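Structure record follows, encoded as structure tokens.
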Amino acid sequence: MSETQSLRAWLLTDTPTSRRHAKFAAAYQGWLSFRSNTMAMIGLWILIFLVFVAIAAPILAPHDPFEQTLANRLQGLNADGHILGTDSLGRDILSRLIYGSRITLFIVGLVALIAPITGLLVGTVAGYVGGWVDTILMRITDIFLAFPRLVLALAFVAALGAGIENAVLAISLTAWPPYARMARAETLTIRSSDYISAIQLQGAGPLRIITKHIWPLCISSLIVRVTLDMAGIILAAAGLGFLGLGAQPPSPEWGAMISEGRRFILDSWWVATVPGLAIFTVSLAFNLLGDGLRDVLDPKDAET
Amino acid sequence: MSMLSVENLNVWFGHGRDRVDAVKDATFAVARGESFGLVGESGSGKSTILRAITGLAPDWSGNITVDGKEIGKRREKAFFKTVQMVFQDPYASLHPRHSVDQVLGETLYLHGFTDIDTRVVNLLDDVGLGAKFRFRYPHQLSGGQRQRVAIARALAPAPEILLLDEPTSALDVSVQAEILNLLADLRTEHGLTYVMVSHDLSVVGHMCDRLAVMKDGEIVEIMDVATLRNMQATHPYSQHLLQASL
């Protein structure tokens with residue numbers, strides 16, 4: 001008890017004694033304010049659960065997700081050991097859902113890496129350097145922004161070939177421009193501030209200023225924006241899957257599962273509804289998490 | 001020989017029809033170890049002179065000489081080792097996500113020092129903060145403490161000239177006195193040359209040996225502090241300024 005007490009005091013001190021101590025203390029205080037947000041915690045728990053399910057899929061899944069039993073097709077809920085029923089080829093929907101979480105996480109993870117980093121790079125360089133670099137980079141961004149997102153993704157997938165990797169690439173290529181715009185807008189306000197002037201007076205070069213002084217201030221709002229966009233990314237991936245341009249059969253991608261279930265929606269509603277509910281839950285969880293992260297990470301609020 | 005001399009300095013913002021001349025034909029010289037004040041109302045171009053000297057205002061013409069060396073359009077690293085600046089608002093001049101240790105450590109690193117840890121502690125002692133402030137973030141500091149950190153940052157490369165852009169105008173009156181005394185102590189301790197911008201004549205009277213009065217981008221009069229104290233300004237605008245500050 002006393003040990004946890006002293007650890008808490010160590011983390012909450014306002015006079016840290018070392019670099020590491022200061023970092024831990026700042027992280028712990030952020031965690032405390034995040035934890036007090038119930039909805040954000042619900043979102044976080046759902047996502048932790050999703051990660052757990054994806055990792056433990058082979059253990060959790062009651063059946064082989066690819067095993068077809070045509071005699072057993074379109075079974076209802078809780079029929080014959082299939083808790084969520086079976087689809088048009090007699091495959092267990094729960095197992096497919098569990099394995100599908102891996103694909104969802106794969107898409108979300110890759111897009112969350114590629115799109116914001118590209119956007120951050122383009123936006124901060126354009127904003128800080130200015131001049132013709134800014135003009136060229138932002139006009140390219142405008143061109144990407146001018147296309148409807150799904151149509152552009154469709155074009156990319158059509159050009160690159162159908163498949164989950166190309167779907168991820170296509171979604172990333174369409175997702176980065178808003179991040180670039182946001183990062184540029186923030187950079188413009190940051191670059192004229194006194195603390196940037198001050199580091200310029202120490203002889204720091206543009207590379208150091210962008211990566212060490214501008215990025216840390218852009219990243220928090222970027223993370224928030226990414227988590228809020230995550231729902232849209234999952235839906236875009238599901239949309240591509242639904243159109244048959246994302247994950248290919250027999251891969252248990254949630255959007256593709258809805259697409260298959262569409263044909264039986266009136267007789268066997270659960271085939272399309274269950275993966276739909278899964279997409280809904282994960283999207284909602286990301287939104288809740290993003291909302292909570294905004295409260296913790298937004299520098300404007302962190303000042304107080 | 002003067003430590004810093006400015007001759008026929010013109011500074012402008014914008015081009016063509018939008019061009020605004022912020023400083024017109026300013027000339028003054030500051031001797032080694034001297035404290036020189038620039039006074040005038042808001043918008044008279046005092047801070048712009050400092051920004052032109054440091055290169056933060058890119059459009060200027062005229063001659064700026066530091067320690068006998070003429071300054072070109074691009075500032076060398078050696079320039080930043082000689083000339084440093086303290087900004088007006090300590091709430092805006094420290095990076096909100098960098099701890100005091102990061103601010104001072106990075107400055108020292110950029111100037112090529114290797115014994116960073118001992119120097120950070122020494123700098124904090126110099127400005128009267130002490131090692132316990134080392135890992136704090138700006139939002140955990142008061143305005144006066146922040147300005148002390150900003151002064152420590154300016155002192156980090158061991159400069160010879162310190163440009164002070166209204167270093168106390170954003171602070172409480174009681175804290176102002178502390179910071180001014182600190183600056184006065186540091187000057188004698190390190191043999192620094194000050195150029196101090198202020199709109200407060202009593203601050204300039206306390207801190208400076210000589211001062212220039214500015215109006216609409218022009219220096220109307222350069223006098224020493226004794227003249228200021230005896231209210232013997234010759235130019236009508238300086239007299240007006242003196243009357244107003246009584």
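Following the order of the structure tokens, first chain is A, next is B, and so on, with residues numbered from 1 inside each chain and ligands from 1 in the order they appear.
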Find the residues in chain B near chain A: any atom within 10 Å counts, using only C-alpha atoms. Write them as a PyMOL selection string. chain B and resi 51+54-56+75-81+83-99+101-103+106-111+131-140+150+153-154+156-157
Could the residues in this selection be written to a file with C-alpha atoms, as a PDB file, in the first residue's frame?
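Final output, selection.pdb:
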ATOM      1  CA  ARG B  51      14.634  42.115 -35.165  1.00  0.00           C
ATOM      2  CA  THR B  54      19.143  39.500 -35.394  1.00  0.00           C
ATOM      3  CA  GLY B  55      17.899  38.801 -38.920  1.00  0.00           C
ATOM      4  CA  LEU B  56      14.306  38.088 -37.915  1.00  0.00           C
ATOM      5  CA  ARG B  75      23.800  35.409 -40.091  1.00  0.00           C
ATOM      6  CA  GLU B  76      26.761  33.185 -39.315  1.00  0.00           C
ATOM      7  CA  LYS B  77      26.843  30.836 -36.368  1.00  0.00           C
ATOM      8  CA  ALA B  78      29.482  33.059 -34.767  1.00  0.00           C
ATOM      9  CA  PHE B  79      26.998  35.935 -34.858  1.00  0.00           C
ATOM     10  CA  PHE B  80      24.541  34.020 -32.663  1.00  0.00           C
ATOM     11  CA  LYS B  81      27.363  33.300 -30.241  1.00  0.00           C
ATOM     12  CA  VAL B  83      24.425  38.464 -30.068  1.00  0.00           C
ATOM     13  CA  GLN B  84      21.414  37.038 -28.248  1.00  0.00           C
ATOM     14  CA  MET B  85      17.917  38.318 -27.648  1.00  0.00           C
ATOM     15  CA  VAL B  86      15.351  38.153 -24.838  1.00  0.00           C
ATOM     16  CA  PHE B  87      11.792  38.420 -26.069  1.00  0.00           C
ATOM     17  CA  GLN B  88       8.997  40.529 -24.721  1.00  0.00           C
ATOM     18  CA  ASP B  89       6.451  37.916 -23.724  1.00  0.00           C
ATOM     19  CA  PRO B  90       7.812  34.986 -21.697  1.00  0.00           C
ATOM     20  CA  TYR B  91       4.488  33.205 -22.195  1.00  0.00           C
ATOM     21  CA  ALA B  92       5.162  33.074 -25.954  1.00  0.00           C
ATOM     22  CA  SER B  93       8.915  32.676 -26.118  1.00  0.00           C
ATOM     23  CA  LEU B  94       9.196  29.208 -24.528  1.00  0.00           C
ATOM     24  CA  HIS B  95       8.130  26.087 -26.415  1.00  0.00           C
ATOM     25  CA  PRO B  96       5.045  24.771 -24.560  1.00  0.00           C
ATOM     26  CA  ARG B  97       6.133  21.120 -24.908  1.00  0.00           C
ATOM     27  CA  HIS B  98       9.784  21.512 -23.961  1.00  0.00           C
ATOM     28  CA  SER B  99      11.006  21.341 -20.388  1.00  0.00           C
ATOM     29  CA  ASP B 101      16.166  21.182 -19.453  1.00  0.00           C
ATOM     30  CA  GLN B 102      15.290  20.629 -23.123  1.00  0.00           C
ATOM     31  CA  VAL B 103      15.266  24.369 -23.887  1.00  0.00           C
ATOM     32  CA  GLU B 106      19.262  22.108 -27.025  1.00  0.00           C
ATOM     33  CA  THR B 107      20.620  25.663 -27.084  1.00  0.00           C
ATOM     34  CA  LEU B 108      23.918  24.488 -25.605  1.00  0.00           C
ATOM     35  CA  TYR B 109      24.042  21.553 -28.020  1.00  0.00           C
ATOM     36  CA  LEU B 110      23.486  23.860 -30.999  1.00  0.00           C
ATOM     37  CA  HIS B 111      26.382  26.021 -29.903  1.00  0.00           C
ATOM     38  CA  ALA B 131      18.378  22.978 -10.217  1.00  0.00           C
ATOM     39  CA  LYS B 132      14.908  22.088  -8.957  1.00  0.00           C
ATOM     40  CA  PHE B 133      13.362  23.940 -11.903  1.00  0.00           C
ATOM     41  CA  ARG B 134      15.348  21.949 -14.400  1.00  0.00           C
ATOM     42  CA  PHE B 135      12.701  19.442 -15.474  1.00  0.00           C
ATOM     43  CA  ARG B 136       9.668  21.686 -15.254  1.00  0.00           C
ATOM     44  CA  TYR B 137       7.545  22.640 -18.213  1.00  0.00           C
ATOM     45  CA  PRO B 138       6.674  26.274 -18.990  1.00  0.00           C
ATOM     46  CA  HIS B 139       3.069  25.861 -17.787  1.00  0.00           C
ATOM     47  CA  GLN B 140       4.424  24.920 -14.351  1.00  0.00           C
ATOM     48  CA  ALA B 150      14.390  32.890 -21.385  1.00  0.00           C
ATOM     49  CA  ARG B 153      18.651  30.615 -22.788  1.00  0.00           C
ATOM     50  CA  ALA B 154      19.988  33.900 -24.126  1.00  0.00           C
ATOM     51  CA  ALA B 156      23.712  29.977 -22.791  1.00  0.00           C
ATOM     52  CA  PRO B 157      26.114  30.674 -25.688  1.00  0.00           C
TER      53      PRO B 157
END
Mind checking DSSP for segment 35-152 of chain A and telling me the helix (DSSP H, G or I) residues as an MDAnalysis selection string? chainID A and resid 35 38:55 57:60 70:72 93:129 131:146 149:152
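Nearest residue to Asp295 of chain A among A:Phe147, A:His82, A:Leu137, A:Trp31 is A:Trp31, counting only C-alpha atoms.
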Selection near Ala112 of chain A, 10 Å with only C-alpha atoms, sequence-local residues under 6 positions removed, as a VMD selection string: chain A and resid 106 168 172 175 to 176 223 226 to 227 229 to 230 233
Residue nearest Leu192 of chain B - candidates B:Thr65, B:Gln147, B:Thr168, B:Thr82, atoms counted: only C-alpha atoms: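 Checking each candidate against Leu192 of chain B, we get B:Thr82 as the closest.
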Skipping near chain neighbours, those fewer than 5 positions away, what residues fall within 6 Å of Cys208 of chain B using only C-alpha atoms, listed as a PDB file with N, CA and C atoms, in the first residue's frame?
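The resulting selection_12.pdb:
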ATOM      1  N   SER B  35      25.019  50.147 -21.734  1.00  0.00           N
ATOM      2  CA  SER B  35      23.617  49.750 -21.815  1.00  0.00           C
ATOM      3  C   SER B  35      22.867  50.860 -22.522  1.00  0.00           C
ATOM      4  N   PHE B  36      22.296  50.519 -23.667  1.00  0.00           N
ATOM      5  CA  PHE B  36      21.702  51.529 -24.531  1.00  0.00           C
ATOM      6  C   PHE B  36      20.199  51.290 -24.599  1.00  0.00           C
ATOM      7  N   GLY B  37      19.416  52.348 -24.438  1.00  0.00           N
ATOM      8  CA  GLY B  37      17.968  52.195 -24.445  1.00  0.00           C
ATOM      9  C   GLY B  37      17.346  52.723 -25.713  1.00  0.00           C
TER      10      GLY B  37
END
Close residues, segment 55-61 of chain A itself excluded, 12 Å, only C-alpha atoms, min 4 positions apart in chain, as a list in words: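 Neighbouring residues, sequence-local ones excluded: Ile48, Phe49, Leu50, Val51, Pro65, Phe66, Gly81, His82, Ile83, Leu84, Arg91, Asp92, Ile93, Leu94, Ser95, Arg96, Leu97, Ile98, Tyr99, Gly100, Ser101, Arg102, Ile103, Leu105 and Phe106 of chain A.
Residues surrounding segment 217-226 of chain B within 7 Å are Ala22, Val23, Lys24, Asp25, Ala26, Ser44, Gly45, Gly205, Cys208, Asp209, Arg210, Leu211, Ala212, Val213, Asn230 and His235 of chain B [only C-alpha atoms; sequence separation below 4 positions excluded].
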When you draw a straight line from atom CA of Leu173 of chain A to atom CA of Leu297 of chain A, how long is it in Å?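 Here the two named atoms are 26.1 Å from each other.
The spacing separating atom CA of Arg181 of chain A from atom CA of Ile219 of chain A amounts to 13.4 Å.
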As a list in words, please: the residues near Ser36 of chain A (cut-off 12 Å, only C-alpha atoms, same-chain neighbours under 6 positions excluded). Gln29, Gly30, Ile42, Gly292, Leu293, Asp295 and Val296 of chain A
I'd like to know which of A:Ser88, A:Ser259, A:Ala146, A:Thr38 is closest to Arg73 of chain A, using only C-alpha atoms. A:Ser88
Which of B:Ala244, B:Leu171, B:Leu164, B:Val203 sits closest to Gly144 of chain B [using only C-alpha atoms]: B:Leu171
